[in-house]
Amino acid sequence: SNFSSEASQTASSSPPSSSSPAFCPVQPSRHIVERQSRMLSFRVEYRQRSTEVVLEDASTVGDIKSILETELQVPVSKMQLKGWKSGDVSDSTVLQSLHLPKNNSLYVLTPDIAPSASTSQSSQNYLLVISHREAQRDYSLHFPASKTIQEVKRNISDLTNIPVRHQQWDGWPASASDDSVCFLLSLLVFFFFYPVTIVHLPFGSKRGGFCSLFGVGEGVPENSENEGDALLHFTAEFSRRYGDCHPVFYIGSLEAASQEAFYGKARDRKLLAIYLHNDESVLSNVFCSQMMCADSIVSYLSQNFITWAWDVTKEANKARLLTMCTRHFGSVVAQTIRTYKTDQFPLLLIVMGKRTSNEVLNVIQGNTTVDELMMRLMGAMEIFTAQQQEDIKDEDEREAREMVKREQDEAYRLSLEADRKKREAQEREEAEQVRQERIRKEQEEEREAIRLSLEQALPPEPKEEGGEPISKLRIRTPSGKFLERQFLGSCKLQVLFDFVASKGYPSDEFKLLTTFPRRNITQIDPAWSLVEAKLFPQETLFLEAKE
């Protein structure tokens with residue numbers, strides 16, 4: 001598509017945006033306790049204007065409207081101030097009671113006041129590019145907005161010598177007649193020149209032909225396989241035609257846009273706005289330039305919506321869209337889109353995600369105004385916000401239940417873990433007891449075997465009548481019992497030690513002591529005889545456990 005310098009000049013004729021802040025100090029209300037004033041800033045959007053309002057939080061909503069009445073020349077009685085986080089508020093509401101942040105964004109709606117943009121357009125000139133097919137010549141002609149189509153045709157007759165009654169035209173809007181005034185069609189051609197084709201044919205001849213406003217189907221390439229690439233192309237083309245101030249179009253598939261909008265945390269969910277563009281509709285230019293690019297609409301869509309776009313000018317792209325809609329939203333949505341005719345486009349579908357299925361809240365057609373569009377977007381937001389609050393409540397309750405269940409599961413797991421550790425500790429203790437008991441038995445068996453071996457190896461106890469010197473020994477055990485035995489005086493101390501060991505008191509665990517003087521017999525050379533050890537002819541000894 002081509003652009004003209006006149007189109008650029010036409011675009012610049014819109015009312016300039018106001019950015020100068022309006023400041024109105026207001027005395028604190030007598031009902032508010034004396035404290036340091038807090039200043040609040042409000043960015044207020046109204047059609048193509050933006051106004052900054054700064055005032056104290058002791059002021060009321062009515063004070064803001066009074067300032068806006070001066071700035072916007074809009075009566076307070078016809079003004080609706082929207083965008084409050086807490087919903088609609090009265091003029092007497094004190095700002096402090098709303099607990100607002102320092103910076104805020106609001107919107108002014110005036111449904112009772114018709115848009116004034118048309119008055120600024122009635123005195124403008126428009127460029128019509130007219131192609132004379134038979135002569136293979138193009139004419140670029142300027143016409144005032146007050147010209148009728150009949151007058152345009154007469155001018156062409158003067159230029160080409162083709163009588164009006166023999167002219168056949170393609171490219172005018174379907175609703176246009178010879179009496180239509182160019183000014184009435186300005187909403188259709190605003191910002192763009194209108195290419196029209198004139199063909200000189202015999203009366204009754206039939207030839208088709210259509211010239212789109214700026215090229216058929218340039219938004220989405222027909223052969224684009226990837227939806228993301230198609231959206232990149234669409235966004236670039238939209239920016240080229242209408243400028244960079246437009247909604248942020250989601251780059252990706254419709255399925256990905258739905259996932260982004262509907263399937264996150266309840267607090268993070270948004271509405272899905274699906275913009276369907278059709279170059280063949282005469283409403284597309286004004287809707288894109290005046291609605292979709294209005295600062296208030298751009299801001300509101302960016303804050304509250306995921307915006308996805310598609311160009312349905314070409315039938316292949318439209319069929320592809322219907323397939324995507326059927327897959328993601330069901331056949332009802334696809335059938336709804338089929339019912340709209342070309343001259344009803346563009347469409348803006350507002351879709352809300354629900355638990356079981358996605359619901360189309362609103363279908364906004366191209367023949368609307370900024371105020372009406374904003375009101376319908378805000379109406380959809382009210383429905384969505386109510387549903388979102390329920391979803392947040394349900395999600396919080398579900399998360400609370402899941403938290404309790406996780407805590408219970410964790411407590412149960414810890415209890416099982418403690419029981420397991422206790423059982424394992426008990427099993428280890430029992431195994432250790434069994435092991436120690438086995439070792440003890442083995443040691444006892446070994447000592448018993450040694451004792452029996454020593455007992456069997458002892459020489460027989462001598463008799464007194466044998467004639468050899470005999471030593472009588474009396475040994476007190478730790479339990480208080482006494483062991484008594486006779487030994488030959490020549491008997492070695494080792495025999496005495498073996499006797500004591502055979503009774504269960506080995507010399508490595510017990511020491512054998514004399515009473516007086518106290519001597520440790522086990523420290524004497526075991527090769528000594530009892531006589532040499534002075535344990536003759538009799539002696540009383542006692543056993544004591546070694547430390």
# chains A, B, ... in the order shown; residues from 1 in each chain; ligands from 1
>>> residues_around(residues="Ser140 (chain A)", least_positions_apart="3", cutoff="9 Å", atoms="only C-alpha atoms", output="MDAnalysis selection string")
chainID A and resid 127:131
>>> write_last_selection(atoms="C-alpha atoms", output="PDB file, in the first residue's frame")
ATOM      1  CA  LEU A 127      -6.351  12.640  -2.143  1.00  0.00           C
ATOM      2  CA  LEU A 128      -8.063  10.158  -4.451  1.00  0.00           C
ATOM      3  CA  VAL A 129      -5.854   8.064  -6.680  1.00  0.00           C
ATOM      4  CA  ILE A 130      -7.968   7.150  -9.709  1.00  0.00           C
ATOM      5  CA  SER A 131      -6.885   4.576 -12.309  1.00  0.00           C
TER       6      SER A 131
END
>>> closest_atom_pairs(of="region 355-416 of chain A", to="region 320-332 of chain A", cutoff="10 Å", atoms="only C-alpha atoms", output="tab-separated table")
residue	atom	partner	partner_atom	distance
A:Ser357	CA	A:Phe329	CA	7.3
A:Asn358	CA	A:Phe329	CA	5.9
A:Glu359	CA	A:Phe329	CA	7.6
A:Val360	CA	A:Phe329	CA	8.6
>>> select_by_dssp(residues="region 343-378 of chain A", states="helix (DSSP H, G or I)", output="ChimeraX atom specification")
/A:343-344,370-378
>>> select_by_dssp(residues="region 219-443 of chain A", states="strand (DSSP E or B)", output="list in words")
Phe249, Leu271, Leu272, Ala273, Ile274, Tyr275, Leu276, His277, Phe305, Ile306, Thr307, Trp308, Ala309, Trp310, Asp311, Leu347, Leu348, Leu349, Ile350, Val351, Met352, Glu359, Val360, Leu361, Asn362, Val363 and Ile364 of chain A
>>> write_last_selection(atoms="N, CA and C atoms", output="CSV table (one decimal), in the first residue's frame")
chain,number,residue,atom,x,y,z
A,249,PHE,N,0.7,-6.5,20.5
A,249,PHE,CA,0.2,-7.8,20.0
A,249,PHE,C,1.1,-8.9,20.5
A,271,LEU,N,-7.9,-11.1,30.5
A,271,LEU,CA,-8.8,-11.4,29.3
A,271,LEU,C,-8.0,-11.5,28.1
A,272,LEU,N,-8.5,-12.2,27.1
A,272,LEU,CA,-7.9,-12.3,25.8
A,272,LEU,C,-8.7,-11.5,24.8
A,273,ALA,N,-8.0,-10.5,24.2
A,273,ALA,CA,-8.6,-9.7,23.1
A,273,ALA,C,-8.1,-10.2,21.8
A,274,ILE,N,-9.0,-10.7,20.9
A,274,ILE,CA,-8.6,-11.2,19.6
A,274,ILE,C,-9.0,-10.2,18.6
A,275,TYR,N,-8.1,-9.5,17.9
A,275,TYR,CA,-8.4,-8.5,16.9
A,275,TYR,C,-8.3,-9.1,15.5
A,276,LEU,N,-9.4,-9.1,14.8
A,276,LEU,CA,-9.5,-9.7,13.5
A,276,LEU,C,-9.6,-8.5,12.5
A,277,HIS,N,-8.6,-8.4,11.6
A,277,HIS,CA,-8.5,-7.4,10.7
A,277,HIS,C,-8.9,-7.8,9.3
A,305,PHE,N,-5.3,-6.9,29.3
A,305,PHE,CA,-5.6,-7.9,28.3
A,305,PHE,C,-4.3,-8.5,27.7
A,306,ILE,N,-4.4,-9.7,27.2
A,306,ILE,CA,-3.5,-10.2,26.2
A,306,ILE,C,-4.1,-10.1,24.8
A,307,THR,N,-3.5,-9.3,24.0
A,307,THR,CA,-4.1,-9.0,22.7
A,307,THR,C,-3.4,-9.8,21.6
A,308,TRP,N,-4.2,-10.5,20.9
A,308,TRP,CA,-3.7,-11.4,19.8
A,308,TRP,C,-4.4,-10.9,18.5
A,309,ALA,N,-3.7,-10.9,17.4
A,309,ALA,CA,-4.3,-10.3,16.1
A,309,ALA,C,-4.2,-11.3,15.0
A,310,TRP,N,-5.1,-11.2,14.0
A,310,TRP,CA,-5.0,-12.0,12.8
A,310,TRP,C,-5.7,-11.2,11.7
A,311,ASP,N,-5.1,-11.4,10.5
A,311,ASP,CA,-5.7,-10.8,9.3
A,311,ASP,C,-6.5,-11.8,8.5
A,347,LEU,N,-13.2,-6.9,13.8
A,347,LEU,CA,-13.9,-7.4,15.0
A,347,LEU,C,-12.8,-7.5,16.1
A,348,LEU,N,-13.3,-7.2,17.3
A,348,LEU,CA,-12.5,-7.4,18.5
A,348,LEU,C,-13.3,-8.3,19.5
A,349,LEU,N,-12.8,-9.6,19.5
A,349,LEU,CA,-13.4,-10.6,20.4
A,349,LEU,C,-12.8,-10.6,21.8
A,350,ILE,N,-13.7,-10.5,22.8
A,350,ILE,CA,-13.2,-10.5,24.2
A,350,ILE,C,-13.5,-11.9,24.8
A,351,VAL,N,-12.5,-12.6,25.1
A,351,VAL,CA,-12.6,-14.0,25.5
A,351,VAL,C,-12.1,-14.1,27.0
A,352,MET,N,-12.9,-14.8,27.8
A,352,MET,CA,-12.6,-15.1,29.2
A,352,MET,C,-12.4,-16.5,29.4
A,359,GLU,N,-15.1,-18.6,27.2
A,359,GLU,CA,-16.4,-17.9,26.9
A,359,GLU,C,-16.1,-16.6,26.2
A,360,VAL,N,-16.8,-16.3,25.1
A,360,VAL,CA,-16.6,-15.1,24.4
A,360,VAL,C,-17.6,-14.1,25.1
A,361,LEU,N,-17.1,-13.1,25.8
A,361,LEU,CA,-17.9,-12.2,26.5
A,361,LEU,C,-18.5,-11.1,25.6
A,362,ASN,N,-17.8,-10.7,24.5
A,362,ASN,CA,-18.3,-9.6,23.7
A,362,ASN,C,-17.6,-9.7,22.3
A,363,VAL,N,-18.3,-9.3,21.3
A,363,VAL,CA,-17.8,-9.2,20.0
A,363,VAL,C,-18.0,-7.7,19.5
A,364,ILE,N,-17.0,-6.9,19.5
A,364,ILE,CA,-17.0,-5.5,19.2
A,364,ILE,C,-16.8,-5.3,17.7
>>> closest_residue(among="A:Ile439, A:Leu543, A:Val531, A:Ala261", to="Pro478 (chain A)", atoms="only C-alpha atoms")
A:Leu543
>>> closest_residue(among="A:Ile156, A:Ile521, A:Ala236, A:Ile149", to="Asp178 (chain A)", atoms="only C-alpha atoms")
A:Ile149
>>> atom_distance(atom1="CA of Ile475 (chain A)", atom2="CA of Leu512 (chain A)")
8.6 Å
